[in-house]
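S.K.: File name model_35.cif; file contents mmCIF, C-alpha atoms (C1' of nucleotides); full text below.
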```cif
data_target
#
loop_
_atom_site.group_PDB
_atom_site.id
_atom_site.type_symbol
_atom_site.label_atom_id
_atom_site.label_comp_id
_atom_site.auth_asym_id
_atom_site.auth_seq_id
_atom_site.Cartn_x
_atom_site.Cartn_y
_atom_site.Cartn_z
ATOM 1 C CA MET A 153 1.476 -22.721 4.429
ATOM 2 C CA LYS A 154 0.588 -21.876 8.000
ATOM 3 C CA ILE A 155 0.481 -18.205 9.044
ATOM 4 C CA ALA A 156 0.071 -17.350 12.728
ATOM 5 C CA SER A 157 -0.559 -14.175 14.703
ATOM 6 C CA TRP A 158 0.409 -13.778 18.364
ATOM 7 C CA ASN A 159 0.623 -10.821 20.728
ATOM 8 C CA VAL A 160 3.497 -12.152 22.852
ATOM 9 C CA ASN A 161 3.698 -9.362 25.484
ATOM 10 C CA SER A 162 7.509 -8.997 25.372
ATOM 11 C CA VAL A 163 9.493 -11.241 23.026
ATOM 12 C CA ARG A 164 12.497 -11.325 25.400
ATOM 13 C CA THR A 165 10.544 -12.331 28.519
ATOM 14 C CA ARG A 166 8.424 -14.780 26.509
ATOM 15 C CA LEU A 167 11.146 -16.375 24.337
ATOM 16 C CA PRO A 168 11.143 -19.901 25.873
ATOM 17 C CA THR A 169 7.336 -20.013 25.711
ATOM 18 C CA ILE A 170 7.343 -18.755 22.115
ATOM 19 C CA LEU A 171 9.966 -21.261 20.952
ATOM 20 C CA GLN A 172 8.101 -24.111 22.653
ATOM 21 C CA TRP A 173 4.923 -23.182 20.784
ATOM 22 C CA PHE A 174 6.833 -22.813 17.486
ATOM 23 C CA GLU A 175 8.259 -26.329 17.813
ATOM 24 C CA ALA A 176 4.794 -27.756 18.493
ATOM 25 C CA ALA A 177 2.674 -25.750 16.005
ATOM 26 C CA ARG A 178 5.368 -25.211 13.352
ATOM 27 C CA PRO A 179 4.069 -22.044 11.713
ATOM 28 C CA ASP A 180 5.661 -21.149 8.371
ATOM 29 C CA VAL A 181 5.108 -17.459 9.088
ATOM 30 C CA ALA A 182 4.354 -15.800 12.443
ATOM 31 C CA CYS A 183 3.225 -12.209 12.954
ATOM 32 C CA LEU A 184 4.225 -11.077 16.444
ATOM 33 C CA GLN A 185 2.982 -8.025 18.336
ATOM 34 C CA GLU A 186 4.047 -6.218 21.507
ATOM 35 C CA ILE A 187 7.637 -7.391 21.192
ATOM 36 C CA LYS A 188 8.563 -4.474 23.522
ATOM 37 C CA CYS A 189 12.146 -4.090 22.325
ATOM 38 C CA GLN A 190 14.286 -2.240 19.835
ATOM 39 C CA ASP A 191 15.238 -3.904 16.537
ATOM 40 C CA GLU A 192 18.745 -4.844 17.691
ATOM 41 C CA GLN A 193 17.365 -6.495 20.869
ATOM 42 C CA PHE A 194 15.105 -8.900 18.947
ATOM 43 C CA PRO A 195 16.324 -12.517 19.467
ATOM 44 C CA LYS A 196 16.957 -13.219 15.762
ATOM 45 C CA GLU A 197 19.509 -15.951 16.492
ATOM 46 C CA ALA A 198 17.024 -18.048 18.461
ATOM 47 C CA PHE A 199 14.596 -17.957 15.519
ATOM 48 C CA ALA A 200 17.400 -18.553 12.999
ATOM 49 C CA ASP A 201 18.276 -21.742 14.897
ATOM 50 C CA LEU A 202 14.745 -22.973 14.093
ATOM 51 C CA GLY A 203 15.110 -21.953 10.433
ATOM 52 C CA TYR A 204 13.316 -18.601 10.437
ATOM 53 C CA HIS A 205 14.127 -15.205 8.928
ATOM 54 C CA CYS A 206 12.985 -12.093 10.801
ATOM 55 C CA ALA A 207 11.776 -8.610 9.873
ATOM 56 C CA VAL A 208 11.414 -6.332 12.883
ATOM 57 C CA HIS A 209 9.867 -2.927 13.573
ATOM 58 C CA GLY A 210 10.518 -2.271 17.240
ATOM 59 C CA GLN A 211 10.888 0.586 19.685
ATOM 60 C CA LYS A 212 12.033 0.994 23.273
ATOM 61 C CA SER A 213 9.770 -0.429 26.001
ATOM 62 C CA TYR A 214 6.417 -0.483 24.229
ATOM 63 C CA ASN A 215 4.591 -1.765 21.158
ATOM 64 C CA GLY A 216 6.750 -3.294 18.429
ATOM 65 C CA VAL A 217 5.848 -5.803 15.706
ATOM 66 C CA ALA A 218 7.721 -8.459 13.752
ATOM 67 C CA ILE A 219 7.323 -11.053 11.018
ATOM 68 C CA VAL A 220 9.163 -14.350 11.453
ATOM 69 C CA SER A 221 9.209 -16.560 8.355
ATOM 70 C CA LYS A 222 10.622 -19.785 6.935
ATOM 71 C CA TYR A 223 10.495 -18.062 3.542
ATOM 72 C CA PRO A 224 12.823 -15.289 2.381
ATOM 73 C CA ILE A 225 11.372 -11.881 3.340
ATOM 74 C CA ASN A 226 11.310 -9.058 0.788
ATOM 75 C CA ASP A 227 9.867 -5.555 0.272
ATOM 76 C CA VAL A 228 9.590 -4.741 3.986
ATOM 77 C CA LEU A 229 7.426 -1.731 4.923
ATOM 78 C CA ARG A 230 7.813 -0.413 8.475
ATOM 79 C CA GLY A 231 5.040 1.835 9.763
ATOM 80 C CA LEU A 232 1.517 2.386 8.460
ATOM 81 C CA PRO A 233 1.440 5.023 5.690
ATOM 82 C CA GLY A 234 -0.424 8.281 6.190
ATOM 83 C CA ALA A 235 1.181 9.845 9.282
ATOM 84 C CA PRO A 236 4.964 10.398 9.024
ATOM 85 C CA ASP A 237 5.087 11.825 12.593
ATOM 86 C CA ASP A 238 3.586 8.646 14.146
ATOM 87 C CA ASP A 239 6.399 7.173 16.255
ATOM 88 C CA GLN A 240 4.522 4.104 17.599
ATOM 89 C CA ALA A 241 5.791 0.829 16.091
ATOM 90 C CA ARG A 242 2.523 -0.925 15.275
ATOM 91 C CA TYR A 243 2.750 -2.039 11.641
ATOM 92 C CA ILE A 244 5.150 -4.089 9.530
ATOM 93 C CA GLU A 245 4.431 -5.571 6.127
ATOM 94 C CA ALA A 246 6.520 -7.765 3.840
ATOM 95 C CA VAL A 247 6.338 -10.174 0.929
ATOM 96 C CA MET A 248 6.997 -13.860 1.564
ATOM 97 C CA THR A 249 8.840 -15.364 -1.387
ATOM 98 C CA VAL A 250 7.081 -18.690 -1.830
ATOM 99 C CA GLY A 251 7.646 -21.131 -4.684
ATOM 100 C CA SER A 252 3.982 -21.154 -5.662
ATOM 101 C CA GLY A 253 3.854 -17.327 -5.757
ATOM 102 C CA PRO A 254 4.334 -14.399 -3.379
ATOM 103 C CA VAL A 255 2.192 -13.856 -0.294
ATOM 104 C CA ARG A 256 2.058 -10.390 1.283
ATOM 105 C CA VAL A 257 1.768 -10.443 5.076
ATOM 106 C CA ALA A 258 1.323 -7.677 7.664
ATOM 107 C CA SER A 259 1.714 -7.817 11.456
ATOM 108 C CA ILE A 260 -0.663 -5.342 13.101
ATOM 109 C CA TYR A 261 -0.863 -3.989 16.652
ATOM 110 C CA LEU A 262 -3.896 -1.735 16.539
ATOM 111 C CA PRO A 263 -4.028 0.881 19.326
ATOM 112 C CA ASN A 264 -6.024 0.066 22.461
ATOM 113 C CA GLY A 265 -7.714 3.494 22.546
ATOM 114 C CA ASN A 266 -8.684 3.655 26.224
ATOM 115 C CA PRO A 267 -9.985 5.686 27.767
ATOM 116 C CA ILE A 268 -12.627 6.815 25.286
ATOM 117 C CA ASP A 269 -13.079 10.577 24.767
ATOM 118 C CA THR A 270 -9.320 11.125 24.939
ATOM 119 C CA ASP A 271 -6.624 11.635 22.326
ATOM 120 C CA LYS A 272 -5.816 7.928 22.656
ATOM 121 C CA PHE A 273 -9.281 7.081 21.357
ATOM 122 C CA THR A 274 -8.951 9.594 18.506
ATOM 123 C CA TYR A 275 -5.562 8.085 17.651
ATOM 124 C CA LYS A 276 -7.165 4.632 17.473
ATOM 125 C CA LEU A 277 -9.926 5.786 15.109
ATOM 126 C CA ASN A 278 -7.432 7.664 12.920
ATOM 127 C CA TRP A 279 -5.163 4.626 12.852
ATOM 128 C CA MET A 280 -8.083 2.463 11.724
ATOM 129 C CA LYS A 281 -8.857 4.957 8.924
ATOM 130 C CA ARG A 282 -5.231 4.807 7.775
ATOM 131 C CA LEU A 283 -5.279 1.004 7.895
ATOM 132 C CA THR A 284 -8.485 0.896 5.828
ATOM 133 C CA ALA A 285 -7.020 3.271 3.221
ATOM 134 C CA HIS A 286 -3.847 1.185 3.024
ATOM 135 C CA ALA A 287 -5.849 -2.049 2.791
ATOM 136 C CA LYS A 288 -7.666 -0.618 -0.242
ATOM 137 C CA ASP A 289 -4.316 0.068 -1.927
ATOM 138 C CA LEU A 290 -3.097 -3.443 -1.152
ATOM 139 C CA LEU A 291 -6.321 -5.096 -2.328
ATOM 140 C CA ALA A 292 -5.949 -3.298 -5.681
ATOM 141 C CA LYS A 293 -2.810 -5.379 -6.253
ATOM 142 C CA GLU A 294 -5.014 -8.519 -6.356
ATOM 143 C CA GLU A 295 -2.406 -10.564 -4.475
ATOM 144 C CA LYS A 296 -2.595 -13.164 -1.765
ATOM 145 C CA LEU A 297 -2.678 -10.831 1.263
ATOM 146 C CA VAL A 298 -2.855 -11.638 4.968
ATOM 147 C CA LEU A 299 -3.425 -8.885 7.574
ATOM 148 C CA ALA A 300 -2.842 -10.551 10.926
ATOM 149 C CA GLY A 301 -2.742 -9.061 14.365
ATOM 150 C CA ASP A 302 -4.134 -7.730 17.599
ATOM 151 C CA TYR A 303 -6.957 -5.484 16.379
ATOM 152 C CA ASN A 304 -8.145 -4.498 19.877
ATOM 153 C CA VAL A 305 -11.750 -4.739 18.635
ATOM 154 C CA ILE A 306 -14.526 -6.856 20.186
ATOM 155 C CA TYR A 307 -16.587 -7.111 17.013
ATOM 156 C CA ARG A 308 -19.472 -9.400 18.007
ATOM 157 C CA ASP A 309 -21.370 -9.308 21.307
ATOM 158 C CA THR A 310 -20.477 -12.990 21.593
ATOM 159 C CA ASP A 311 -16.722 -12.309 21.365
ATOM 160 C CA CYS A 312 -16.798 -11.587 25.112
ATOM 161 C CA TRP A 313 -18.510 -13.255 28.077
ATOM 162 C CA ASP A 314 -20.633 -10.214 28.983
ATOM 163 C CA PRO A 315 -20.911 -7.176 26.673
ATOM 164 C CA ARG A 316 -22.287 -5.057 29.528
ATOM 165 C CA VAL A 317 -18.812 -5.078 31.105
ATOM 166 C CA TRP A 318 -17.358 -3.564 27.916
ATOM 167 C CA ALA A 319 -20.095 -0.984 27.298
ATOM 168 C CA ASP A 320 -17.826 2.042 27.904
ATOM 169 C CA ASP A 321 -14.583 0.498 26.652
ATOM 170 C CA ALA A 322 -12.582 1.495 23.573
ATOM 171 C CA LEU A 323 -12.459 -2.168 22.456
ATOM 172 C CA TYR A 324 -16.231 -2.288 22.075
ATOM 173 C CA ALA A 325 -17.223 1.333 21.315
ATOM 174 C CA LYS A 326 -19.698 1.585 18.438
ATOM 175 C CA ALA A 327 -17.361 3.864 16.467
ATOM 176 C CA VAL A 328 -14.623 1.233 16.739
ATOM 177 C CA ARG A 329 -16.857 -1.658 15.681
ATOM 178 C CA ASP A 330 -18.132 0.476 12.795
ATOM 179 C CA ALA A 331 -14.536 1.218 11.782
ATOM 180 C CA PHE A 332 -13.724 -2.513 11.835
ATOM 181 C CA ALA A 333 -16.785 -3.144 9.639
ATOM 182 C CA ASN A 334 -15.490 -0.510 7.209
ATOM 183 C CA LEU A 335 -12.160 -2.327 7.105
ATOM 184 C CA LEU A 336 -13.877 -5.639 6.332
ATOM 185 C CA TRP A 337 -16.069 -4.008 3.675
ATOM 186 C CA THR A 338 -13.018 -3.107 1.589
ATOM 187 C CA GLY A 339 -13.203 -6.755 0.534
ATOM 188 C CA LEU A 340 -11.371 -8.556 3.318
ATOM 189 C CA THR A 341 -12.490 -11.862 4.809
ATOM 190 C CA ASP A 342 -12.127 -12.609 8.530
ATOM 191 C CA ALA A 343 -10.624 -16.109 8.560
ATOM 192 C CA TRP A 344 -12.341 -17.118 11.805
ATOM 193 C CA MET A 345 -15.771 -16.144 10.440
ATOM 194 C CA ALA A 346 -15.126 -17.865 7.105
ATOM 195 C CA LYS A 347 -13.827 -21.184 8.403
ATOM 196 C CA ASP A 348 -15.216 -21.568 11.942
ATOM 197 C CA GLY A 349 -17.275 -18.689 13.311
ATOM 198 C CA ARG A 350 -18.069 -20.201 16.720
ATOM 199 C CA GLU A 351 -19.011 -17.733 19.439
ATOM 200 C CA HIS A 352 -17.162 -17.303 22.750
ATOM 201 C CA HIS A 353 -13.834 -18.480 21.342
ATOM 202 C CA TYR A 354 -11.411 -16.004 22.821
ATOM 203 C CA THR A 355 -7.826 -14.974 22.060
ATOM 204 C CA PHE A 356 -7.158 -12.867 25.197
ATOM 205 C CA TRP A 357 -7.676 -13.344 28.925
ATOM 206 C CA ASP A 358 -6.558 -10.588 31.314
ATOM 207 C CA TYR A 359 -3.918 -11.489 33.904
ATOM 208 C CA GLN A 360 -6.160 -9.802 36.486
ATOM 209 C CA ARG A 361 -9.343 -10.804 38.265
ATOM 210 C CA GLY A 362 -8.833 -14.509 37.545
ATOM 211 C CA ALA A 363 -10.050 -13.919 33.999
ATOM 212 C CA TRP A 364 -8.523 -17.146 32.647
ATOM 213 C CA HIS A 365 -9.993 -19.411 35.332
ATOM 214 C CA ARG A 366 -13.383 -17.684 35.127
ATOM 215 C CA GLY A 367 -13.486 -18.004 31.337
ATOM 216 C CA HIS A 368 -13.735 -14.239 30.989
ATOM 217 C CA GLY A 369 -11.888 -13.748 27.701
ATOM 218 C CA ILE A 370 -12.350 -11.699 24.555
ATOM 219 C CA GLN A 371 -11.654 -12.366 20.887
ATOM 220 C CA ILE A 372 -9.611 -9.421 19.627
ATOM 221 C CA ASP A 373 -6.935 -11.102 17.476
ATOM 222 C CA HIS A 374 -7.960 -11.546 13.865
ATOM 223 C CA ILE A 375 -6.515 -12.727 10.569
ATOM 224 C CA LEU A 376 -8.036 -10.895 7.584
ATOM 225 C CA VAL A 377 -7.359 -12.093 4.032
ATOM 226 C CA SER A 378 -7.811 -10.820 0.473
ATOM 227 C CA PRO A 379 -10.102 -12.681 -1.980
ATOM 228 C CA GLN A 380 -7.036 -14.305 -3.587
ATOM 229 C CA ALA A 381 -6.000 -15.697 -0.190
ATOM 230 C CA ALA A 382 -9.578 -16.536 0.839
ATOM 231 C CA ASP A 383 -9.824 -18.736 -2.284
ATOM 232 C CA VAL A 384 -7.063 -20.972 -0.897
ATOM 233 C CA LEU A 385 -7.949 -20.673 2.815
ATOM 234 C CA GLN A 386 -8.056 -24.186 4.260
ATOM 235 C CA GLY A 387 -8.766 -23.545 7.926
ATOM 236 C CA VAL A 388 -8.225 -21.501 11.076
ATOM 237 C CA GLN A 389 -7.301 -22.438 14.627
ATOM 238 C CA ILE A 390 -7.090 -20.626 17.974
ATOM 239 C CA PHE A 391 -4.476 -22.115 20.351
ATOM 240 C CA LYS A 392 -6.356 -21.670 23.614
ATOM 241 C CA GLU A 393 -4.012 -24.082 25.384
ATOM 242 C CA ALA A 394 -1.166 -21.568 25.042
ATOM 243 C CA ARG A 395 -2.795 -19.483 27.808
ATOM 244 C CA ALA A 396 -2.031 -22.328 30.248
ATOM 245 C CA MET A 397 1.676 -22.564 29.347
ATOM 246 C CA GLU A 398 4.514 -21.557 31.662
ATOM 247 C CA LYS A 399 4.843 -17.749 31.747
ATOM 248 C CA PRO A 400 2.019 -17.235 29.249
ATOM 249 C CA SER A 401 1.221 -14.142 27.250
ATOM 250 C CA ASP A 402 -2.240 -12.765 27.981
ATOM 251 C CA HIS A 403 -3.002 -13.454 24.275
ATOM 252 C CA VAL A 404 -2.916 -16.843 22.504
ATOM 253 C CA PRO A 405 -1.922 -17.543 18.884
ATOM 254 C CA ILE A 406 -4.401 -17.748 16.027
ATOM 255 C CA MET A 407 -3.247 -19.486 12.834
ATOM 256 C CA VAL A 408 -4.580 -19.986 9.313
ATOM 257 C CA GLU A 409 -3.592 -22.565 6.739
ATOM 258 C CA LEU A 410 -3.416 -21.467 3.104
ATOM 259 C CA ASP A 411 -3.037 -23.807 0.142
ATOM 260 C CA ALA A 412 -0.153 -21.727 -1.161
ATOM 261 C "C1'" DA B 141 -13.617 5.325 41.662
ATOM 262 C "C1'" DT B 142 -9.529 2.182 42.189
ATOM 263 C "C1'" DG B 143 -6.743 -1.965 42.208
ATOM 264 C "C1'" DC B 144 -6.515 -6.429 40.874
ATOM 265 C "C1'" DC B 145 -1.500 -8.711 37.063
ATOM 266 C "C1'" DA B 146 2.469 -8.422 34.292
ATOM 267 C "C1'" DC B 147 5.251 -5.928 31.483
ATOM 268 C "C1'" DC B 148 8.552 -1.762 30.841
ATOM 269 C "C1'" DT B 149 12.843 1.180 32.820
ATOM 270 C "C1'" DT B 150 16.465 0.574 35.880
ATOM 271 C "C1'" DC B 151 16.590 -0.596 41.586
ATOM 272 C "C1'" DA B 152 11.689 2.409 43.126
ATOM 273 C "C1'" DA B 153 7.935 3.258 41.772
ATOM 274 C "C1'" DG B 154 5.299 5.152 38.144
ATOM 275 C "C1'" DG B 155 3.637 4.337 33.120
ATOM 276 C "C1'" DT B 156 1.057 1.116 30.111
ATOM 277 C "C1'" DG B 157 -2.106 -2.225 28.756
ATOM 278 C "C1'" DA B 158 -7.269 -4.385 27.920
#
```
Let me see whether you can do it: turn the structure in this file into structure tokens.
M.R.:
Amino acid sequence: MKIASWNVNSVRTRLPTILQWFEAARPDVACLQEIKCQDEQFPKEAFADLGYHCAVHGQKSYNGVAIVSKYPINDVLRGLPGAPDDDQARYIEAVMTVGSGPVRVASIYLPNGNPIDTDKFTYKLNWMKRLTAHAKDLLAKEEKLVLAGDYNVIYRDTDCWDPRVWADDALYAKAVRDAFANLLWTGLTDAWMAKDGREHHYTFWDYQRGAWHRGHGIQIDHILVSPQAADVLQGVQIFKEARAMEKPSDHVPIMVELDA
DNA sequence: ATGCCACCTTCAAGGTGA
């Protein structure tokens, strides 16, 4: 089964582009981020026409995440546990009912955190702590687990074209990279590192400053998997060409294939 | 230090992102 992650930067504005990519890449499950709409505004019919079910956790104007799946979707969890007053729609998790056994999938839109030394940065670090705590609980289930999303973390120096540019940015701050390491150390495997690992393979290019044409991207979208999923991980692919589509998102899809 | 672009809401211009 193929599981993709894509920050689409508005599902309504991007719908033709998204559907075109779906018909070409044919993901079985897709984790979407920054859908930027409320649940009832999500274009479920368009995905149903292609044979997909949808689970949505949206909000007005900003953020919003969804899971789109060829498999029946069960046990949906909306919102990351640990902060009942958090009203930002950045986490949805559900179980894909697959013939060979269930696969738990989460779509993650980790906070940006800029500028550093503000409450936005504190919120990001707290959110990462909550995600790490929740990941520990999920790993204890010893299931096939896939945590896919826009992590807003430049983890390696070589995940950007020039780390000096990002020195004072919340995507590259040492505390943020340390927090991402803590998440990995719970026992998760980064699919890109396990099955490819090449440097300077980006998933985001800013709309500004000619970033795409200059090759000034960053890799901030990741798919993390449990040991049970890593055992059946067949490969990983970044769809760089999606950045050159009509009306592109500033992010491109990343997709894993599991033998499940 | 700020805007660059593209999205949001709602028709004008400010908020947000990375």
S.K.: Using all atoms listed in the file and a cut-off of 8 Å, which residues of chain A sit close to chain B? Please list them as a list in words.
M.R.: Asn161, Ser162, Lys188, Ser213, Tyr214, Asn264, Leu323, Asp358, Tyr359, Gln360 and Arg361 of chain A
S.K.: Measure the distance from CA of Thr274 (chain A) to CA of Tyr243 (chain A) in Å and round it to one decimal.
M.R.: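 Separation between CA of Thr274 (chain A) and CA of Tyr243 (chain A): 17.9 Å.
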S.K.: Taking the file as I've supplied it (selection: the PyMOL selection byres ((chain A and resi 178-182) around 6)), which residues are included? Please answer as a list in words.
M.R.: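 After applying the PyMOL selection byres ((chain A and resi 178-182) around 6), what remains is Met153, Lys154, Ile155, Ala156, Ser157, Phe174, Glu175, Ala176, Ala177, Cys183, Ile219, Val220, Ser221 and Lys222 of chain A.
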S.K.: What is the distance between CA of Pro267 (chain A) and CA of Thr284 (chain A), in Å to one decimal?
M.R.: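 Pair CA of Pro267 (chain A) / CA of Thr284 (chain A) returns 22.5 Å.
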S.K.: Suppose a student applies the PyMOL selection byres ((chain A and resi 384) around 10) to this structure; what residues should they get, written as a PyMOL selection string?
M.R.: chain A and resi 296+379-383+385-387+409-412
S.K.: Some atoms are missing, so please complete region 229-243 of chain A with N, CA and C atoms and return it as an mmCIF file, in the coordinates of the input.
M.R.:
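Final file, part.cif:
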```cif
data_model
loop_
_atom_site.group_PDB
_atom_site.id
_atom_site.type_symbol
_atom_site.label_atom_id
_atom_site.label_comp_id
_atom_site.auth_asym_id
_atom_site.auth_seq_id
_atom_site.Cartn_x
_atom_site.Cartn_y
_atom_site.Cartn_z
ATOM 1 N N LEU A 229 7.949 -3.075 4.639
ATOM 2 C CA LEU A 229 7.426 -1.731 4.923
ATOM 3 C C LEU A 229 7.237 -1.612 6.431
ATOM 4 N N ARG A 230 7.930 -0.624 7.027
ATOM 5 C CA ARG A 230 7.813 -0.413 8.475
ATOM 6 C C ARG A 230 7.006 0.845 8.741
ATOM 7 N N GLY A 231 5.911 0.704 9.460
ATOM 8 C CA GLY A 231 5.040 1.835 9.763
ATOM 9 C C GLY A 231 3.894 1.916 8.774
ATOM 10 N N LEU A 232 2.720 2.256 9.286
ATOM 11 C CA LEU A 232 1.517 2.386 8.460
ATOM 12 C C LEU A 232 1.548 3.733 7.741
ATOM 13 N N PRO A 233 1.398 3.751 6.417
ATOM 14 C CA PRO A 233 1.440 5.023 5.690
ATOM 15 C C PRO A 233 0.350 5.993 6.161
ATOM 16 N N GLY A 234 0.604 7.280 5.948
ATOM 17 C CA GLY A 234 -0.424 8.281 6.190
ATOM 18 C C GLY A 234 -0.176 9.217 7.349
ATOM 19 N N ALA A 235 0.872 8.950 8.159
ATOM 20 C CA ALA A 235 1.181 9.845 9.282
ATOM 21 C C ALA A 235 2.669 9.737 9.595
ATOM 22 N N PRO A 236 3.499 10.507 8.871
ATOM 23 C CA PRO A 236 4.964 10.398 9.024
ATOM 24 C C PRO A 236 5.451 10.702 10.437
ATOM 25 N N ASP A 237 4.668 11.451 11.242
ATOM 26 C CA ASP A 237 5.087 11.825 12.593
ATOM 27 C C ASP A 237 4.676 10.785 13.643
ATOM 28 N N ASP A 238 4.010 9.700 13.212
ATOM 29 C CA ASP A 238 3.586 8.646 14.146
ATOM 30 C C ASP A 238 4.812 7.816 14.529
ATOM 31 N N ASP A 239 5.182 7.874 15.825
ATOM 32 C CA ASP A 239 6.399 7.173 16.255
ATOM 33 C C ASP A 239 6.099 5.861 16.992
ATOM 34 N N GLN A 240 4.862 5.363 16.934
ATOM 35 C CA GLN A 240 4.522 4.104 17.599
ATOM 36 C C GLN A 240 4.655 2.944 16.607
ATOM 37 N N ALA A 241 5.481 1.951 16.988
ATOM 38 C CA ALA A 241 5.791 0.829 16.091
ATOM 39 C C ALA A 241 4.668 -0.207 16.154
ATOM 40 N N ARG A 242 3.723 -0.077 15.242
ATOM 41 C CA ARG A 242 2.523 -0.925 15.275
ATOM 42 C C ARG A 242 2.226 -1.628 13.963
ATOM 43 N N TYR A 243 3.065 -1.455 12.943
ATOM 44 C CA TYR A 243 2.750 -2.039 11.641
ATOM 45 C C TYR A 243 4.026 -2.425 10.909
#
```
